[in-house]
Each structure stands twice: as C-alpha cells, then as structure tokens.
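For reference, work.json is printed below; it contains JSON, C-alpha atoms.
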[["chain", "number", "residue", "atom", "x", "y", "z"],
["S", 1, "MET", "CA", 112.45, 112.80, 116.85],
["S", 2, "ASP", "CA", 111.85, 112.52, 120.55],
["S", 3, "HIS", "CA", 111.96, 116.29, 120.72],
["S", 4, "ALA", "CA", 108.66, 116.86, 118.97],
["S", 5, "LEU", "CA", 106.82, 113.61, 119.42],
["S", 6, "SER", "CA", 107.47, 113.19, 123.09],
["S", 7, "VAL", "CA", 104.90, 115.92, 123.56],
["S", 8, "LEU", "CA", 102.32, 113.59, 122.07],
["S", 9, "SER", "CA", 103.46, 110.41, 123.66],
["S", 10, "VAL", "CA", 101.63, 108.77, 126.46],
["S", 11, "PRO", "CA", 103.68, 108.54, 129.64],
["S", 12, "ALA", "CA", 106.52, 106.18, 128.98],
["S", 13, "THR", "CA", 105.49, 103.15, 130.95],
["S", 14, "ALA", "CA", 106.43, 100.56, 128.37],
["S", 15, "THR", "CA", 107.32, 97.27, 129.93],
["S", 16, "ALA", "CA", 109.79, 94.82, 128.53],
["S", 17, "VAL", "CA", 106.91, 92.80, 127.11],
["S", 18, "ASP", "CA", 105.57, 95.84, 125.27],
["S", 19, "THR", "CA", 108.96, 96.49, 123.75],
["S", 20, "LEU", "CA", 109.35, 92.85, 122.80],
["S", 21, "VAL", "CA", 105.91, 92.77, 121.15],
["S", 22, "PHE", "CA", 106.65, 95.94, 119.21],
["S", 23, "ILE", "CA", 110.01, 94.68, 118.00],
["S", 24, "SER", "CA", 108.56, 91.32, 116.99],
["S", 25, "GLY", "CA", 105.69, 93.03, 115.18],
["S", 26, "ALA", "CA", 108.08, 95.38, 113.42],
["S", 27, "ILE", "CA", 110.24, 92.50, 112.25],
["S", 28, "ILE", "CA", 107.18, 90.62, 110.97],
["S", 29, "ILE", "CA", 105.85, 93.70, 109.20],
["S", 30, "LEU", "CA", 109.10, 94.73, 107.56],
["S", 31, "GLY", "CA", 109.97, 91.17, 106.57],
["S", 32, "GLY", "CA", 106.57, 90.76, 104.94],
["S", 33, "GLY", "CA", 106.86, 94.14, 103.24],
["S", 34, "PHE", "CA", 110.20, 93.29, 101.69],
["S", 35, "GLY", "CA", 108.78, 89.89, 100.77],
["S", 36, "VAL", "CA", 105.96, 91.52, 98.81],
["S", 37, "VAL", "CA", 108.33, 93.77, 96.91],
["S", 38, "LEU", "CA", 111.10, 91.25, 96.26],
["S", 39, "SER", "CA", 109.20, 88.01, 95.58],
["S", 40, "ARG", "CA", 109.46, 86.72, 92.07],
["S", 41, "ASN", "CA", 106.35, 84.61, 92.45],
["S", 42, "PRO", "CA", 103.03, 86.51, 92.94],
["S", 43, "VAL", "CA", 101.76, 83.75, 95.25],
["S", 44, "HIS", "CA", 104.74, 84.24, 97.54],
["S", 45, "ALA", "CA", 104.11, 87.98, 97.46],
["S", 46, "ALA", "CA", 100.51, 87.39, 98.57],
["S", 47, "LEU", "CA", 101.66, 85.18, 101.43],
["S", 48, "ALA", "CA", 104.20, 87.81, 102.48],
["S", 49, "LEU", "CA", 101.32, 90.30, 102.43],
["S", 50, "VAL", "CA", 99.44, 88.07, 104.88],
["S", 51, "THR", "CA", 102.49, 88.18, 107.14],
["S", 52, "THR", "CA", 102.55, 91.96, 107.08],
["S", 53, "LEU", "CA", 98.83, 92.26, 107.74],
["S", 54, "PHE", "CA", 99.11, 89.88, 110.67],
["S", 55, "GLY", "CA", 101.97, 91.91, 112.12],
["S", 56, "ILE", "CA", 99.86, 95.06, 111.79],
["S", 57, "ALA", "CA", 97.05, 93.29, 113.67],
["S", 58, "VAL", "CA", 99.49, 92.41, 116.46],
["S", 59, "LEU", "CA", 100.50, 96.05, 116.76],
["S", 60, "PHE", "CA", 96.83, 97.09, 116.75],
["S", 61, "ILE", "CA", 96.26, 94.89, 119.78],
["S", 62, "GLU", "CA", 99.37, 96.32, 121.39],
["S", 63, "GLU", "CA", 97.89, 99.78, 120.89],
["S", 64, "GLY", "CA", 94.54, 98.83, 122.36],
["S", 65, "ALA", "CA", 92.57, 98.67, 119.10],
["S", 66, "ASN", "CA", 91.21, 95.18, 119.66],
["S", 67, "PHE", "CA", 88.24, 95.43, 117.33],
["S", 68, "LEU", "CA", 90.34, 96.74, 114.46],
["S", 69, "ALA", "CA", 92.84, 93.92, 114.98],
["S", 70, "ALA", "CA", 90.05, 91.37, 114.59],
["S", 71, "VAL", "CA", 88.68, 93.16, 111.54],
["S", 72, "GLN", "CA", 92.18, 93.38, 110.11],
["S", 73, "VAL", "CA", 92.63, 89.62, 110.30],
["S", 74, "ILE", "CA", 89.13, 88.77, 109.11],
["S", 75, "VAL", "CA", 88.76, 91.30, 106.30],
["S", 76, "TYR", "CA", 92.32, 91.81, 105.12],
["S", 77, "ALA", "CA", 94.06, 88.50, 105.74],
["S", 78, "GLY", "CA", 90.89, 86.47, 105.41],
["S", 79, "ALA", "CA", 89.07, 88.07, 102.51],
["S", 80, "ILE", "CA", 91.24, 90.45, 100.52],
["S", 81, "VAL", "CA", 94.31, 88.25, 100.30],
["S", 82, "VAL", "CA", 92.16, 85.24, 99.46],
["S", 83, "LEU", "CA", 90.69, 87.34, 96.67],
["S", 84, "PHE", "CA", 94.21, 88.13, 95.48],
["S", 85, "LEU", "CA", 95.17, 84.46, 95.55],
["S", 86, "PHE", "CA", 91.97, 83.52, 93.78],
["S", 87, "VAL", "CA", 92.68, 85.94, 90.95],
["S", 88, "ILE", "CA", 96.33, 84.82, 90.73],
["S", 89, "MET", "CA", 95.30, 81.17, 90.44],
["S", 90, "PHE", "CA", 92.36, 81.95, 88.18],
["S", 91, "LEU", "CA", 94.49, 83.85, 85.71],
["S", 92, "GLY", "CA", 97.37, 81.41, 85.92],
["S", 93, "VAL", "CA", 99.98, 84.11, 86.44],
["S", 94, "ASP", "CA", 101.63, 82.22, 89.29],
["S", 95, "ARG", "CA", 104.85, 81.75, 87.41],
["S", 96, "LEU", "CA", 108.19, 83.21, 88.25],
["S", 97, "GLU", "CA", 108.83, 86.72, 87.11],
["S", 98, "ASP", "CA", 112.22, 87.84, 85.97],
["S", 99, "LEU", "CA", 112.97, 90.78, 88.21],
["S", 100, "ALA", "CA", 116.14, 91.59, 86.29],
["S", 101, "ASP", "CA", 114.07, 92.46, 83.25],
["S", 102, "GLU", "CA", 113.57, 96.20, 83.42],
["S", 103, "PRO", "CA", 112.50, 97.97, 80.23],
["S", 104, "LEU", "CA", 113.10, 101.43, 81.63],
["S", 105, "PRO", "CA", 116.72, 101.52, 82.76],
["S", 106, "ALA", "CA", 116.43, 104.74, 84.76],
["S", 107, "GLN", "CA", 113.31, 103.71, 86.65],
["S", 108, "ARG", "CA", 114.83, 101.74, 89.50],
["S", 109, "PRO", "CA", 117.47, 104.26, 90.57],
["S", 110, "LEU", "CA", 114.87, 107.01, 90.31],
["S", 111, "ALA", "CA", 112.40, 104.97, 92.35],
["S", 112, "VAL", "CA", 114.96, 104.29, 95.06],
["S", 113, "ALA", "CA", 115.94, 107.96, 95.12],
["S", 114, "LEU", "CA", 112.29, 108.95, 95.37],
["S", 115, "ALA", "CA", 111.71, 106.47, 98.20],
["S", 116, "VAL", "CA", 114.70, 107.80, 100.12],
["S", 117, "ILE", "CA", 113.53, 111.38, 99.63],
["S", 118, "GLY", "CA", 110.03, 110.45, 100.74],
["S", 119, "LEU", "CA", 111.23, 108.64, 103.83],
["S", 120, "GLY", "CA", 113.52, 111.53, 104.65],
["S", 121, "GLY", "CA", 110.59, 113.91, 104.27],
["S", 122, "LEU", "CA", 108.43, 111.87, 106.60],
["S", 123, "VAL", "CA", 111.16, 111.67, 109.22],
["S", 124, "ALA", "CA", 111.85, 115.38, 108.87],
["S", 125, "LEU", "CA", 108.15, 116.09, 109.39],
["S", 126, "GLY", "CA", 108.24, 113.95, 112.52],
["S", 127, "VAL", "CA", 111.26, 115.81, 113.85],
["S", 128, "GLU", "CA", 110.19, 119.34, 112.96],
["S", 129, "GLY", "CA", 106.43, 119.21, 113.12],
["S", 130, "HIS", "CA", 104.52, 120.45, 116.12],
["S", 131, "TRP", "CA", 101.24, 120.66, 114.28],
["S", 132, "ALA", "CA", 99.86, 117.34, 115.49],
["S", 133, "VAL", "CA", 99.60, 118.52, 119.05],
["S", 134, "GLY", "CA", 95.88, 119.06, 119.27],
["S", 135, "ALA", "CA", 92.76, 118.62, 121.27],
["S", 136, "HIS", "CA", 92.33, 115.27, 122.91],
["S", 137, "SER", "CA", 89.28, 113.03, 122.72],
["S", 138, "VAL", "CA", 87.32, 115.13, 120.23],
["S", 139, "ALA", "CA", 85.32, 112.23, 118.81],
["S", 140, "GLY", "CA", 85.26, 110.35, 122.09],
["S", 141, "ALA", "CA", 87.77, 108.89, 124.47],
["S", 142, "VAL", "CA", 89.30, 105.47, 123.95],
["S", 143, "ARG", "CA", 90.91, 104.78, 127.29],
["S", 144, "GLY", "CA", 88.46, 104.44, 130.10],
["S", 145, "ALA", "CA", 85.48, 104.34, 127.75],
["S", 146, "LYS", "CA", 82.60, 102.24, 128.96],
["S", 147, "GLY", "CA", 82.69, 98.91, 127.14],
["S", 148, "GLY", "CA", 86.23, 99.36, 125.88],
["S", 149, "ASP", "CA", 87.34, 100.24, 122.37],
["S", 150, "VAL", "CA", 84.59, 98.18, 120.73],
["S", 151, "ALA", "CA", 81.80, 100.15, 122.38],
["S", 152, "ALA", "CA", 83.62, 103.44, 121.83],
["S", 153, "LEU", "CA", 84.08, 102.68, 118.14],
["S", 154, "GLY", "CA", 80.47, 101.58, 117.82],
["S", 155, "ARG", "CA", 79.17, 104.74, 119.46],
["S", 156, "SER", "CA", 81.38, 106.87, 117.22],
["S", 157, "VAL", "CA", 80.45, 105.11, 113.99],
["S", 158, "PHE", "CA", 76.73, 105.08, 114.69],
["S", 159, "THR", "CA", 76.47, 108.65, 115.94],
["S", 160, "THR", "CA", 79.22, 111.02, 114.82],
["S", 161, "TYR", "CA", 80.12, 109.17, 111.64],
["S", 162, "LEU", "CA", 76.71, 107.80, 110.74],
["S", 163, "PHE", "CA", 76.51, 109.48, 107.35],
["S", 164, "PRO", "CA", 79.97, 108.27, 106.19],
["S", 165, "PHE", "CA", 79.02, 104.84, 107.45],
["S", 166, "GLU", "CA", 75.90, 104.79, 105.30],
["S", 167, "ALA", "CA", 77.92, 106.14, 102.39],
["S", 168, "THR", "CA", 80.29, 103.19, 102.66],
["S", 169, "ALA", "CA", 77.29, 100.87, 102.36],
["S", 170, "ALA", "CA", 76.44, 102.54, 99.06],
["S", 171, "LEU", "CA", 80.10, 102.34, 98.05],
["S", 172, "LEU", "CA", 80.20, 98.61, 98.66],
["S", 173, "VAL", "CA", 77.06, 98.04, 96.60],
["S", 174, "ILE", "CA", 78.54, 100.09, 93.76],
["S", 175, "ALA", "CA", 81.79, 98.12, 94.00],
["S", 176, "VAL", "CA", 79.98, 94.79, 93.84],
["S", 177, "VAL", "CA", 77.94, 95.86, 90.81],
["S", 178, "GLY", "CA", 81.06, 97.25, 89.15],
["S", 179, "ALA", "CA", 83.00, 94.06, 89.76],
["S", 180, "VAL", "CA", 80.21, 91.96, 88.30],
["S", 181, "VAL", "CA", 80.01, 94.18, 85.23],
["S", 182, "LEU", "CA", 83.78, 94.16, 84.75],
["S", 183, "ALA", "CA", 84.37, 90.47, 85.30],
["S", 184, "ARG", "CA", 81.36, 89.28, 83.35],
["S", 185, "ARG", "CA", 82.20, 87.38, 80.23],
["S", 186, "PRO", "CA", 81.14, 89.30, 77.15],
["S", 187, "SER", "CA", 77.83, 88.01, 76.00],
["S", 188, "SER", "CA", 77.62, 86.32, 72.65],
["S", 189, "PRO", "CA", 77.45, 88.69, 69.70],
["S", 190, "PRO", "CA", 73.96, 90.08, 69.21],
["S", 191, "ALA", "CA", 74.01, 89.26, 65.50],
["S", 192, "PRO", "CA", 74.73, 85.54, 65.64],
["S", 193, "PRO", "CA", 76.80, 84.40, 62.69],
["S", 194, "ALA", "CA", 75.90, 81.32, 60.76],
["S", 195, "ASP", "CA", 79.13, 79.60, 61.71],
["S", 196, "GLU", "CA", 82.30, 80.36, 63.56],
["S", 197, "ASP", "CA", 84.33, 81.42, 60.56],
["S", 198, "ASP", "CA", 82.19, 84.43, 59.81],
["S", 199, "VAL", "CA", 83.11, 86.06, 63.06],
["S", 200, "ASP", "CA", 86.66, 86.93, 62.14],
["S", 201, "GLU", "CA", 85.83, 88.20, 58.70],
["S", 202, "ASP", "CA", 82.67, 90.21, 59.07],
["S", 203, "VAL", "CA", 82.15, 91.59, 62.51],
["S", 204, "ALA", "CA", 84.97, 92.24, 64.89],
["S", 205, "TRP", "CA", 82.74, 93.18, 67.75],
["S", 206, "PRO", "CA", 79.22, 94.54, 68.03],
["S", 207, "GLY", "CA", 79.08, 98.12, 66.99],
["S", 208, "ALA", "CA", 82.42, 98.12, 65.23],
["S", 209, "PRO", "CA", 82.78, 100.71, 62.49],
["S", 210, "ALA", "CA", 82.11, 99.15, 59.13],
["S", 211, "GLY", "CA", 85.20, 98.15, 57.24],
["S", 212, "GLU", "CA", 87.52, 98.43, 60.20],
["S", 213, "VAL", "CA", 88.65, 95.13, 61.57],
["S", 214, "PRO", "CA", 91.36, 95.24, 64.20],
["S", 215, "ASP", "CA", 94.26, 92.96, 63.59],
["S", 216, "ASP", "CA", 93.82, 91.07, 66.81],
["S", 217, "ALA", "CA", 90.10, 90.45, 66.47],
["S", 218, "GLY", "CA", 90.51, 86.77, 65.88],
["S", 219, "VAL", "CA", 92.91, 86.45, 68.76],
["S", 220, "ARG", "CA", 90.49, 88.14, 71.06],
["S", 221, "ASP", "CA", 87.56, 85.96, 70.06],
["S", 222, "ARG", "CA", 89.54, 82.84, 70.70],
["S", 223, "ALA", "CA", 90.90, 84.21, 73.93],
["S", 224, "VAL", "CA", 87.42, 84.70, 75.25],
["S", 225, "GLU", "CA", 86.62, 81.07, 74.58],
["S", 226, "GLU", "CA", 89.63, 79.67, 76.36],
["S", 227, "VAL", "CA", 89.59, 79.02, 80.04],
["S", 228, "PRO", "CA", 92.89, 80.17, 81.54],
["S", 229, "GLN", "CA", 94.59, 77.37, 83.36],
["C", 1, "MET", "CA", 100.87, 101.18, 127.93],
["C", 2, "SER", "CA", 102.95, 100.55, 124.91],
["C", 3, "VAL", "CA", 106.19, 101.86, 123.51],
["C", 4, "PRO", "CA", 106.39, 105.54, 122.48],
["C", 5, "GLY", "CA", 104.24, 106.53, 119.56],
["C", 6, "ALA", "CA", 107.22, 107.80, 117.61],
["C", 7, "TRP", "CA", 108.37, 104.22, 117.20],
["C", 8, "TYR", "CA", 105.08, 103.29, 115.58],
["C", 9, "LEU", "CA", 105.15, 106.35, 113.35],
["C", 10, "SER", "CA", 108.68, 105.56, 112.20],
["C", 11, "LEU", "CA", 107.72, 101.97, 111.47],
["C", 12, "ALA", "CA", 104.69, 103.16, 109.51],
["C", 13, "ALA", "CA", 106.88, 105.57, 107.52],
["C", 14, "VAL", "CA", 109.28, 102.77, 106.61],
["C", 15, "LEU", "CA", 106.42, 100.46, 105.62],
["C", 16, "PHE", "CA", 104.86, 103.20, 103.49],
["C", 17, "THR", "CA", 108.19, 103.74, 101.76],
["C", 18, "ILE", "CA", 108.53, 100.01, 101.05],
["C", 19, "GLY", "CA", 105.06, 99.99, 99.52],
["C", 20, "ALA", "CA", 105.74, 103.06, 97.40],
["C", 21, "LEU", "CA", 109.05, 101.62, 96.23],
["C", 22, "GLY", "CA", 107.38, 98.35, 95.25],
["C", 23, "LEU", "CA", 104.64, 100.19, 93.40],
["C", 24, "LEU", "CA", 107.28, 102.02, 91.40],
["C", 25, "VAL", "CA", 109.60, 99.12, 90.55],
["C", 26, "ARG", "CA", 107.30, 96.14, 90.07],
["C", 27, "ARG", "CA", 105.66, 95.36, 86.76],
["C", 28, "ASN", "CA", 103.07, 92.79, 87.76],
["C", 29, "VAL", "CA", 99.73, 94.52, 88.24],
["C", 30, "LEU", "CA", 98.72, 92.16, 91.06],
["C", 31, "VAL", "CA", 101.92, 92.79, 92.98],
["C", 32, "MET", "CA", 101.41, 96.53, 92.46],
["C", 33, "PHE", "CA", 98.00, 96.16, 94.08],
["C", 34, "MET", "CA", 99.60, 94.40, 97.03],
["C", 35, "CYS", "CA", 102.03, 97.29, 97.40],
["C", 36, "ILE", "CA", 99.07, 99.67, 97.53],
["C", 37, "GLU", "CA", 97.71, 97.55, 100.36],
["C", 38, "LEU", "CA", 101.04, 97.93, 102.15],
["C", 39, "MET", "CA", 100.76, 101.70, 101.88],
["C", 40, "LEU", "CA", 97.17, 101.66, 103.13],
["C", 41, "ASN", "CA", 98.21, 99.57, 106.12],
["C", 42, "ALA", "CA", 101.04, 101.94, 106.94],
["C", 43, "ALA", "CA", 98.51, 104.78, 106.97],
["C", 44, "ASN", "CA", 96.21, 102.70, 109.17],
["C", 45, "LEU", "CA", 99.00, 102.09, 111.65],
["C", 46, "THR", "CA", 99.66, 105.82, 111.77],
["C", 47, "LEU", "CA", 95.99, 106.56, 112.40],
["C", 48, "VAL", "CA", 95.73, 104.03, 115.22],
["C", 49, "THR", "CA", 98.91, 105.42, 116.74],
["C", 50, "TYR", "CA", 97.54, 108.96, 116.75],
["C", 51, "SER", "CA", 94.30, 107.60, 118.12],
["C", 52, "ARG", "CA", 96.22, 106.23, 121.07],
["C", 53, "MET", "CA", 98.37, 109.35, 121.49],
["C", 54, "LEU", "CA", 95.42, 111.74, 121.50],
["C", 55, "ASN", "CA", 93.08, 109.28, 123.25],
["C", 56, "ASP", "CA", 90.56, 109.83, 120.45],
["C", 57, "ILE", "CA", 88.37, 107.22, 118.83],
["C", 58, "GLY", "CA", 88.21, 109.22, 115.58],
["C", 59, "GLY", "CA", 91.42, 107.66, 114.31],
["C", 60, "GLN", "CA", 90.09, 104.16, 114.78],
["C", 61, "ALA", "CA", 86.81, 105.09, 113.08],
["C", 62, "LEU", "CA", 88.79, 106.38, 110.11],
["C", 63, "VAL", "CA", 90.75, 103.10, 109.96],
["C", 64, "PHE", "CA", 87.40, 101.32, 109.86],
["C", 65, "PHE", "CA", 86.38, 103.34, 106.81],
["C", 66, "VAL", "CA", 89.75, 102.82, 105.17],
["C", 67, "LEU", "CA", 89.23, 99.07, 105.50],
["C", 68, "VAL", "CA", 85.89, 99.32, 103.72],
["C", 69, "VAL", "CA", 87.27, 101.49, 100.94],
["C", 70, "ALA", "CA", 90.26, 99.16, 100.54],
["C", 71, "ALA", "CA", 87.95, 96.19, 100.14],
["C", 72, "ALA", "CA", 85.93, 98.00, 97.49],
["C", 73, "GLU", "CA", 89.09, 99.12, 95.74],
["C", 74, "VAL", "CA", 90.49, 95.60, 95.61],
["C", 75, "VAL", "CA", 87.25, 94.18, 94.28],
["C", 76, "VAL", "CA", 87.03, 96.69, 91.44],
["C", 77, "GLY", "CA", 90.76, 96.57, 90.74],
["C", 78, "LEU", "CA", 90.88, 92.81, 90.48],
["C", 79, "GLY", "CA", 87.79, 92.91, 88.28],
["C", 80, "LEU", "CA", 89.71, 95.28, 86.00],
["C", 81, "VAL", "CA", 92.72, 92.93, 86.02],
["C", 82, "VAL", "CA", 90.53, 90.00, 85.04],
["C", 83, "ALA", "CA", 88.89, 92.01, 82.27],
["C", 84, "ILE", "CA", 92.27, 93.14, 80.95],
["C", 85, "PHE", "CA", 93.70, 89.65, 81.17],
["C", 86, "ARG", "CA", 90.89, 88.34, 79.01],
["C", 87, "ARG", "CA", 91.98, 90.62, 76.22],
["C", 88, "ARG", "CA", 95.74, 90.78, 76.64],
["C", 89, "ARG", "CA", 96.62, 87.40, 78.12],
["C", 90, "ASN", "CA", 98.99, 88.85, 80.69],
["C", 91, "ALA", "CA", 98.95, 91.10, 83.69],
["C", 92, "THR", "CA", 102.03, 93.22, 83.13],
["C", 93, "ALA", "CA", 101.80, 96.96, 83.34],
["C", 94, "ASP", "CA", 104.09, 97.47, 80.35],
["C", 95, "ASP", "CA", 101.63, 95.75, 78.06],
["C", 96, "LEU", "CA", 98.83, 98.12, 78.97],
["C", 97, "HIS", "CA", 100.29, 101.13, 77.21],
["C", 98, "ILE", "CA", 97.54, 101.18, 74.64],
["C", 99, "LEU", "CA", 94.35, 102.36, 76.24],
["C", 100, "LYS", "CA", 91.95, 100.66, 73.93],
["C", 101, "GLY", "CA", 90.21, 97.36, 73.89]]
Using structure tokens, write down the structure that the file contains.
Amino acid sequence: MDHALSVLSVPATATAVDTLVFISGAIIILGGGFGVVLSRNPVHAALALVTTLFGIAVLFIEEGANFLAAVQVIVYAGAIVVLFLFVIMFLGVDRLEDLADEPLPAQRPLAVALAVIGLGGLVALGVEGHWAVGAHSVAGAVRGAKGGDVAALGRSVFTTYLFPFEATAALLVIAVVGAVVLARRPSSPPAPPADEDDVDEDVAWPGAPAGEVPDDAGVRDRAVEEVPQ
Amino acid sequence: MSVPGAWYLSLAAVLFTIGALGLLVRRNVLVMFMCIELMLNAANLTLVTYSRMLNDIGGQALVFFVLVVAAAEVVVGLGLVVAIFRRRRNATADDLHILKG
C-alpha cells in the first residue's frame, strides 16, 4: 500500500505522539464500531456510537481539521445520538435483542463474505490505484491559510460552495417539515362517531373503501391511543 | 504532521466494512441507522485525510455538507421509525415486509 499512497502522503514527520494519538483513536473507533454491531441492547449500541464519533473527532484534530472536530462532537455526538436515544426511550425498544435469532440462515455468512470482499476491494484499490494523485489546493489551501482551517473552510463554504450551502438550508427545512408530518399523531377521524364502538365496525380509517375493513383496524386504533412506555 | 495518510484510509476502510456488515446482519431498524452513521463517518474520515494529503479545503467542505445531510437523514428516518412503530408496535426490519399501512 505504501507503493501507491506514499506519493500522496505528506512528508513522513510523524512524531511518537502522533503515532500514539492515531493508534488510540483507531482503537476507540474500532471498539465503538464493533460495539454498535454486536450490542444486544440498542442503548448500548448508541453509546458505542458516541465512542466511535468521539474517536473520529480526535483523528480530525490530529489531521488539522479543528472546526470539523468541534462540529462532529456538537452535531453528531451531541444532537444525533441524543435523538437516537430519545427515540429508543420513547418507543420503549430498549430491551435485549436475541442476536442468535436469524430468520434467514444464509444471510450472515453471505454478509460476512460480502464484507470481506468489499474490504479486499478497498485495499486493492489503495494498493493499485494511482488515480487520486491530482492537483493540490484546488478549492483553497489548508496549511498556511490565513486564520487556520476555520477561516479557510468559511471562505470556501461562503464563496466556492455558496449554492450547495444554501441548498442544505432548504434541505434542513424540508427535513424538519417532513419529520413533523411523519411523527404527527393522526388527527381524530373527520367523521366523528357517536361512541367508541362504532369505530371498529363502520370506518376503518378515513377514506377507506366501503365494505373493506382490514383485520387489524381495531388493533391500530387502540395502538394510536396508547402511549408507549 | 501526522502519521501517513494510508493508515487513515485503511482505518476508514475497516470502519466502513464494520458499518456495512452491521447494516446487513442486524434486524433492529435503529441499530441499522447507527450502522449507516458508521459508514458515513468512515467516508468523512477518508475525505478529511485526502484534504490533508492534497492540502485542499474542498474535502473538509464536503464533510461539512455530509454532516448536514446526515442530520436531515436521521431526522426523517427516525420520524419514519416512529410512524411505523405506531402501527406495528415494533421496530424490526423483518416485520416491515408488507408495504402498506
């Protein structure tokens, strides 16, 4: 792998501290990654995910991307994982999962084989590929930039990548509206029945074809009422 | 500076593989989402590494956008999980084989 990638590498001036930080970060990241995949409890998986994200932030700092490291901790570990934990607790799915239960017997060997093939492909690309050797500092230099990586990133985002940046604003608004629409409780039926019993017999849901009542209509109506613990 | 970029790229490849493997073998929709986050983070690590190798801020800008898109994706995805859970009372991918309400 050194054969191809050494062309790209910065001059090898890694100190012992750099190596130590990288190895520590790698251990944190891989441990968290295996924790996500192997945890039986979704809450433990979410906490392992925090570990991995923190390790990634450490490596970002090691690579000089200080702003992205901060954003990684604030947005990923601070917001996204909290959102995961909130949904896990809200839905009450924080019980142990039986990992031995596998309805498709061939899936796991196939998945492992696919993962090995994929990893082998990536490594082979790293060994054989010379295509990544390209022009340096096209969108702006990082090292030696005035104001450091924060200013360089800000200049890039607000000049070169201004239109994608505005597009992400629209994307976030759309995502918020979509989440509200999806997570909203269904409003009460537009044709209010006289009492509760009529619901299961007459109308399954608003706009249902006449005469067709799904077998789980009653279950669904009760499920909407319940608050998951 | 830091250790050679190939080390970072190898680590990112391994992390991506772990995420893909988890996405394939796990049945809990929430854990599958977390595995997608693992894969996104592996890609982010690769981008930052190339940004350092080529001394180009473009990689870091792309990581910035990936973060935004990941946040939006998680919000919508978890909204879907909540909506599905209301109907089906569980969050297992095997129980979602019928694509109707």
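Comparing S:Val177, S:Leu172, S:Leu47, S:Ala124 by their smallest distance to chain C, the closest is S:Leu172 (using only C-alpha atoms).
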>> Would you pick out the contacts of stretch 12-15 of chain C at 8 Å or less, using all atoms listed in the file, so that residues sharing its chain but fewer than 6 positions from it are not included, and give the list as JSON, numbers by chain?
In response: {"S": [29, 30, 33, 119, 122, 123], "C": [38, 39, 42, 43, 45, 46]}
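Atom CA of S:Val81 sits 6.9 Å away from atom CA of S:Val50.
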> S:Phe60: which residues within 9 Å, counting only C-alpha atoms, same-chain residues fewer than 4 positions away excluded, as a list in words?
Replying inline: Gly55, Ile56, Gly64, Ala65, Asn66, Phe67, Leu68, Ala69 and Gln72 of chain S; Leu45, Val48 and Thr49 of chain C
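Here the question is which of S:Ala139, S:Ala70, S:Ala100, S:Ile174 gets nearest to chain C using all atoms listed in the file, and that residue is S:Ala139.
As for atom CA of S:Val36 and atom CA of S:Leu125, they are spaced 26.8 Å apart.
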> Of the candidates S:Leu38, S:Leu99, S:Leu83, S:Val138, which one gets nearest to S:Thr160 if we count all atoms listed in the file?
Replying inline: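 Looking only at the distances to S:Thr160, the closest residue turns out to be S:Val138.
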> Between atom CA of S:Asp149 and atom CA of C:Ala71, what is the spacing in Å?
Replying inline: 22.6 Å
> Taking into account only C-alpha atoms, which residue in the set C:Ala61, C:Ala93, C:Val69, C:Met34 is nearest to S:Ala77?
Replying inline: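 Answer, going by the shortest atom-to-atom distance: C:Met34.
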Six-sided padding of 8 Å per side, axis-aligned box over stretch 65-70 of chain S, centre and edges in Å, one decimal, as AutoDock Vina command-line options:
--center_x 90.5 --center_y 95.0 --center_z 117.1 --size_x 20.6 --size_y 23.3 --size_z 21.2
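Each of S:Ala48, S:Val82, S:Val21, S:Ser137 was compared to chain C using all atoms listed in the file, and S:Ser137 turns out to be the nearest.
Comparing the minimum interatomic distances between C:Thr17 and each of C:Val75, C:Cys35, C:Met53, C:Leu80, counting only C-alpha atoms, we find that C:Cys35 sits nearest.
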> Excluding same-chain residues fewer than 4 positions from C:Val66, what lies within 10 Å of it counting all atoms listed in the file, as a list of chain:residue names?
Replying inline: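 These residues fall inside the cut-off: S:Thr168, C:Leu40, C:Asn41, C:Ala43, C:Asn44, C:Gln60, C:Ala61, C:Leu62, C:Ala70, C:Ala71, C:Ala72.
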Leaving out C:Val25 and any residue of its chain fewer than 2 positions from it, which residues lie within 6 Å of it when counting all atoms listed in the file, given as an mmCIF file with C-alpha atoms, in the coordinates of the input?
data_model
loop_
_atom_site.group_PDB
_atom_site.id
_atom_site.type_symbol
_atom_site.label_atom_id
_atom_site.label_comp_id
_atom_site.auth_asym_id
_atom_site.auth_seq_id
_atom_site.Cartn_x
_atom_site.Cartn_y
_atom_site.Cartn_z
ATOM 1 C CA ARG S 108 114.830 101.740 89.500
ATOM 2 C CA GLY C 22 107.380 98.350 95.250
ATOM 3 C CA LEU C 23 104.640 100.190 93.400
#
>> Using all atoms listed in the file, which protein or nucleic acid residues come within 9 Å of C:Asn28? Drop anything in the same chain fewer than 4 positions from it, and give the result as a PyMOL selection string.
In response: (chain S and resi 42+97) or (chain C and resi 32-33+91-94)
